[in-house]
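To start, the structure itself, in structure tokens.
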Amino acid sequence: MKDEITRTVFRYVLLLVLMYGFYVVAHGHLSPGGGFAGGVILGLGALLYLLIFDLTWREHFRYLPLDIAVVLIGLGSLMEAIKYLLPTSHGPTGLPGELFSVGIISVVNLGIGLLVAATILSVFYLMAEEQKE
Amino acid sequence: MFKVPLYLILGGLIPSFAMPVLARWKKEACAPLTVLVCGVLFVLALCFGGAMIGGHQPIFQAVADWDPPWGIEIAIEPVSALMAVLITGLYLLIALFSCRALKKEMINQDSIGWYYVEFLLCMTAMLGLVITHDIFNMYVFIEVVGISAVALVVSKGDRYSTEASLKYLILATIGSGFILLAIGMLYMITGHLNMRFAGMVLAENAAHYPYMIWIMMTLFVVGFGIKSALFPLHLWLPDAHASAPSPSSAILSGLVVKVYIIALFKLFFIVFGNEFYQQSNIRILLLILGAAAMLFGSLFAFVQLDLKRRLAYSTVAQLGYIYLGLGLGTPWAIVAAFYHLVVHALMKTCLFLCAGAISYQTGRKKVTGLQNIGFTMPLTAASFTVAAFSMVGLPLTGGFISKYLLAVESMGASFPYFIALIVLSGLLNAAYYFPIIWQFYFVNEENPAGKRVFQRDKIPFTMQLPIVLTAVGIILLGTAGVIAYDYLQQIVLHFLA
């Protein structure tokens, strides 16, 4: 999409979107939201970036978003599985208002966030690739 | 390692999520990794199965240490151990088969790596569906099985498979809607999502909600009936099975439709309880629909000219036997239903893999063009013959024992006219399988006077092995089935005691 206004505005909004996504992911145990909702925000931010700045301008990097997404899917699922692979115990159960108070659950939330974001990205990318051919 | 049933789920889930990395950069490594994962899980499932045969107590595990009824509980019981062994074993064989077969069958070669993502995801979800004891967790796995099964159909990439998978997707979604509604009602009445706790509460309060419970049971039967292709709701099945790649057809027909029956069985006998099930009228509905499926599935199969389509309608008919056994409701009838479930999983896998192998070597897909296969592909044709004999119910094959048990038990449950139906359905099976076998060995139109000699099959070893092994399995179940028989008895006693 070649539109100066969207590009200029989004250049600044993108940071806010991503930051808000990470905020929702990190505060999953304290506030509404969590890994899935934050992951959707992260994924849509990256997706909007792809749509507005049209990454096909350099042939070399065409597959870069898909590659990153594919790796993140594996990474996120591993982080999620950590919870089950470790010896089972509840661990710290969290304190109100304390960000780092739940131990492994934060890692799991981050994993879910990355997984969801990467899945949104890769689904979009696969569909877009199909249309081009 | 041994006491943790959760590894059955995680062992398939993590590789399937890691598979996109391989699909992107090392396509050729996907198939061997899938075979490896299936093999490891098969060994693990065999450990659980061995423990259950040895009379071990059911193994319960609270996921992440949250005790039921709050947390999710998964359990290895005799029935889930049986299904785990069946699923992982057949998956190992089908994964071996698909290594080479997919290279010829898939239209879009680039998507082969992605095919294995769905392949493993479907297995994981099926394992989860049979070992979970939490109803909502079961619903999640139902959705995952549904979506990944649709993806297995659509992955072939041509017009017919796309149309069939869209049909499948819509009907499967309607089915899960019914199931979700029933789960909501169950939660409303009992306040529990764990099967055992819901069952306990329901046993106390059932008298207060008679209509609600009838509605729930009906919704479960309709929902799982759509998904497992109970006769009038089978519309998605023939298209989906006929247009999918042959490993997918084997999975769909051999396993996917069966795990829903297992889920329905667990719901009926753990949540509602045997006593309630015996009194309910839904049993009669299952009997009628099962009987209709046996008759009409075979009649529809009779007029199909496409080989895989004929096999697909045959699946509808054979599912009727399983529902008939469930509907009769006596312990021995349920043993017969389970026996038929296991045997049919082996038979249909064998037949669909044979169909795939025949189209791999000769490119023929119609039932009218199968002359001479018995001589050009002797091992494949012999396996096909064994599986078809088992479908018909001839002695020395597994199908004979299950049909015999069903016939005896329909007498025991004082529905003697079902014997006539079982015999009639067997004859119809013979009417549409024997012409194929006749063509294999006795028709030679190209060179009527010439003498024919047996040649070697020209398919790779990895495709030949699964076909032969499933055929051997059918014969073992037919001749040395006593072990399986005892084990199934143990399953049924575990639930109906």
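Ordering of the structure tokens sets the chain letters (A, B, ...), residue numbers begin anew at 1 in every chain, and ligands are numbered from 1 in the order given.
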A:Ala117: which residues within 9 Å, counting only C-alpha atoms, same-chain residues fewer than 3 positions away excluded, as a ChimeraX atom specification? /A:36,38-44,46,69,72-73,112-114,120-122
Store the residues picked out above in a file with N, CA and C atoms, as a compact mmCIF listing (two decimals), in the first residue's frame.
```txt
# COMPACT_ATOMS: atom_id res chain seq x y z
N PHE A 36 -2.67 -15.26 24.83
CA PHE A 36 -3.36 -15.31 23.55
C PHE A 36 -3.72 -13.91 23.06
N GLY A 38 -2.54 -10.97 23.97
CA GLY A 38 -1.36 -10.19 23.65
C GLY A 38 -0.71 -10.65 22.36
N GLY A 39 -0.71 -11.96 22.16
CA GLY A 39 -0.13 -12.51 20.93
C GLY A 39 -0.87 -12.02 19.70
N VAL A 40 -2.21 -11.93 19.81
CA VAL A 40 -2.98 -11.43 18.67
C VAL A 40 -2.59 -9.99 18.36
N ILE A 41 -2.42 -9.18 19.43
CA ILE A 41 -2.04 -7.78 19.20
C ILE A 41 -0.67 -7.70 18.54
N LEU A 42 0.27 -8.49 19.05
CA LEU A 42 1.62 -8.50 18.47
C LEU A 42 1.57 -8.92 17.00
N GLY A 43 0.82 -10.00 16.74
CA GLY A 43 0.75 -10.52 15.38
C GLY A 43 0.12 -9.52 14.44
N LEU A 44 -0.95 -8.85 14.90
CA LEU A 44 -1.61 -7.89 14.02
C LEU A 44 -0.73 -6.68 13.77
N ALA A 46 2.58 -6.73 13.57
CA ALA A 46 3.54 -7.14 12.55
C ALA A 46 2.86 -7.28 11.19
N ALA A 69 8.56 -16.35 11.52
CA ALA A 69 7.33 -16.87 12.11
C ALA A 69 7.46 -18.35 12.38
N LEU A 72 9.57 -19.01 15.30
CA LEU A 72 8.92 -18.61 16.55
C LEU A 72 7.83 -19.59 16.96
N ILE A 73 7.17 -20.21 15.97
CA ILE A 73 6.14 -21.20 16.31
C ILE A 73 6.77 -22.33 17.12
N ILE A 112 3.24 -18.52 24.61
CA ILE A 112 1.93 -18.52 23.94
C ILE A 112 1.81 -17.29 23.06
N GLY A 113 2.27 -16.13 23.59
CA GLY A 113 2.19 -14.89 22.80
C GLY A 113 2.94 -15.01 21.50
N LEU A 114 4.19 -15.50 21.58
CA LEU A 114 5.00 -15.65 20.37
C LEU A 114 4.34 -16.63 19.41
N ILE A 120 -0.44 -16.22 13.32
CA ILE A 120 -1.21 -15.25 12.53
C ILE A 120 -0.39 -14.80 11.32
N LEU A 121 0.88 -14.49 11.59
CA LEU A 121 1.75 -14.00 10.53
C LEU A 121 1.92 -15.04 9.43
N SER A 122 2.17 -16.31 9.86
CA SER A 122 2.47 -17.32 8.85
C SER A 122 1.22 -17.69 8.06
```
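Closest approach to chain B among A:Gly28, A:Gly76, A:Gly45, A:Pro65: A:Gly76, based on only C-alpha atoms.
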Residue list for chain B near chain A as a ChimeraX atom specification, 7 Å, only C-alpha atoms: /B:14,17-18,20-21,64-65
For the selection you just gave me, I'd like the residues written to a file as an mmCIF file, in the first residue's frame, keeping N, CA and C atoms.
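The result, written out as selection-v4.cif:
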```cif
data_model
loop_
_atom_site.group_PDB
_atom_site.id
_atom_site.type_symbol
_atom_site.label_atom_id
_atom_site.label_comp_id
_atom_site.auth_asym_id
_atom_site.auth_seq_id
_atom_site.Cartn_x
_atom_site.Cartn_y
_atom_site.Cartn_z
ATOM 1 N N ILE B 14 4.897 -31.426 20.327
ATOM 2 C CA ILE B 14 6.093 -30.610 20.135
ATOM 3 C C ILE B 14 6.711 -30.848 18.754
ATOM 4 N N PHE B 17 4.746 -29.000 16.133
ATOM 5 C CA PHE B 17 4.966 -27.553 16.075
ATOM 6 C C PHE B 17 6.363 -27.222 15.577
ATOM 7 N N ALA B 18 7.303 -28.145 15.769
ATOM 8 C CA ALA B 18 8.647 -27.891 15.260
ATOM 9 C C ALA B 18 8.743 -28.210 13.775
ATOM 10 N N PRO B 20 7.158 -27.105 11.055
ATOM 11 C CA PRO B 20 7.256 -26.036 10.055
ATOM 12 C C PRO B 20 8.688 -25.607 9.772
ATOM 13 N N VAL B 21 9.568 -25.676 10.781
ATOM 14 C CA VAL B 21 10.962 -25.295 10.534
ATOM 15 C C VAL B 21 11.572 -26.221 9.487
ATOM 16 N N ALA B 64 -0.274 -30.695 35.367
ATOM 17 C CA ALA B 64 0.360 -29.580 36.069
ATOM 18 C C ALA B 64 -0.003 -29.572 37.546
ATOM 19 N N ASP B 65 -0.329 -30.741 38.064
ATOM 20 C CA ASP B 65 -0.504 -30.916 39.505
ATOM 21 C C ASP B 65 -1.715 -30.209 40.091
#
```
Which of chain A DSSP labels alpha helix (DSSP H), written as a PyMOL selection string: chain A and resi 4-26+35-53+64-85+104-132
Which polymer residues have any atom within 6 Å of an atom of stretch 310-323 of chain B, counting only C-alpha atoms, with same-chain residues fewer than 4 positions away left out, as a PyMOL selection string? chain B and resi 238+241+290+293-294+297-298+301+304+327+337
Dump C-alpha atoms for the selected residues as a short mmCIF file (atom, residue, chain, number, x, y, z; two decimals), in the first residue's frame?
```cif
data_model
loop_
_atom_site.label_atom_id
_atom_site.label_comp_id
_atom_site.auth_asym_id
_atom_site.auth_seq_id
_atom_site.Cartn_x
_atom_site.Cartn_y
_atom_site.Cartn_z
CA PRO B 238 -17.63 -40.39 0.80
CA HIS B 241 -12.43 -40.11 1.79
CA GLY B 290 -26.86 -48.75 12.92
CA ALA B 293 -26.25 -47.91 8.00
CA MET B 294 -25.39 -51.59 7.52
CA GLY B 297 -24.13 -48.12 3.25
CA SER B 298 -23.60 -51.43 1.49
CA ALA B 301 -21.25 -48.82 -2.08
CA GLN B 304 -19.93 -46.73 -6.91
CA GLY B 327 -27.09 -50.08 20.73
CA ALA B 337 -18.41 -53.61 18.85
#
```
List the spatial neighbours of B:Leu180 as a list of chain:residue names - criterion: any atom at most 10 Å away, only C-alpha atoms, same-chain residues fewer than 3 positions off excluded. B:Ile135, B:Phe136, B:Tyr139, B:Val140, B:Ile174, B:Gly175, B:Ser176, B:Gly177, B:Ile183, B:Gly184, B:Met185, B:Leu186, B:Leu219, B:Phe220, B:Gly223
With C-alpha atoms kept, could you save the residues just selected as a PDB file, in the first residue's frame?
```
ATOM      1  CA  ILE B 135     -15.091 -32.991  29.087  1.00  0.00           C
ATOM      2  CA  PHE B 136     -14.096 -29.535  27.951  1.00  0.00           C
ATOM      3  CA  TYR B 139     -14.103 -30.712  23.232  1.00  0.00           C
ATOM      4  CA  VAL B 140     -10.869 -28.885  22.456  1.00  0.00           C
ATOM      5  CA  ILE B 174     -22.212 -28.162  13.045  1.00  0.00           C
ATOM      6  CA  GLY B 175     -21.433 -31.415  14.848  1.00  0.00           C
ATOM      7  CA  SER B 176     -19.136 -29.741  17.351  1.00  0.00           C
ATOM      8  CA  GLY B 177     -21.819 -27.113  17.906  1.00  0.00           C
ATOM      9  CA  ILE B 183     -21.482 -30.007  27.303  1.00  0.00           C
ATOM     10  CA  GLY B 184     -22.942 -26.676  28.382  1.00  0.00           C
ATOM     11  CA  MET B 185     -26.116 -28.383  29.572  1.00  0.00           C
ATOM     12  CA  LEU B 186     -24.107 -31.012  31.413  1.00  0.00           C
ATOM     13  CA  LEU B 219     -27.368 -33.863  21.284  1.00  0.00           C
ATOM     14  CA  PHE B 220     -24.290 -35.968  22.009  1.00  0.00           C
ATOM     15  CA  GLY B 223     -22.995 -34.337  17.313  1.00  0.00           C
TER      16      GLY B 223
END
```
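For the residues B:Ser410, B:Gln61, B:Ser359, B:Thr397, ranking by smallest atom-to-atom distance to B:Ala336 using only C-alpha atoms places B:Ser410 first.
Proximity of B:Val392, B:Leu351, B:Ala62, B:Val145 to B:Ala250, computed with only C-alpha atoms, is greatest for B:Leu351.
Atom pair atom CA of B:Phe97 / atom CA of B:Thr462 has a distance of 5.7 Å (rounded to one decimal).
Here the strand (DSSP E or B) residues in stretch 116-338 of chain B, by DSSP on the backbone, are Thr132, Asp134, Asn194 and Asp306 of chain B.
Pairwise distance (atom CA of B:Thr162, atom CA of B:Ser243) equals 8.7 Å.
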Give me, as a PyMOL selection string, all polymer residues having an atom no more than 8 Å from stretch 368-370 of chain B, counting only C-alpha atoms and skipping those fewer than 2 positions away in the same chain. chain B and resi 305+364-366+372-373+436+439-440
File dump, residues just selected, C-alpha atoms, as an mmCIF file, in the first residue's frame:
```
data_model
loop_
_atom_site.group_PDB
_atom_site.id
_atom_site.type_symbol
_atom_site.label_atom_id
_atom_site.label_comp_id
_atom_site.auth_asym_id
_atom_site.auth_seq_id
_atom_site.Cartn_x
_atom_site.Cartn_y
_atom_site.Cartn_z
ATOM 1 C CA LEU B 305 -17.407 -47.107 -9.703
ATOM 2 C CA ARG B 364 -5.911 -47.054 -12.154
ATOM 3 C CA LYS B 365 -8.645 -45.726 -9.913
ATOM 4 C CA LYS B 366 -11.856 -47.288 -11.273
ATOM 5 C CA ASN B 372 -4.388 -58.599 -13.870
ATOM 6 C CA ILE B 373 -3.438 -56.810 -10.645
ATOM 7 C CA ILE B 436 -12.804 -56.635 -7.657
ATOM 8 C CA GLN B 439 -10.819 -59.107 -11.771
ATOM 9 C CA PHE B 440 -7.521 -59.331 -9.921
#
```
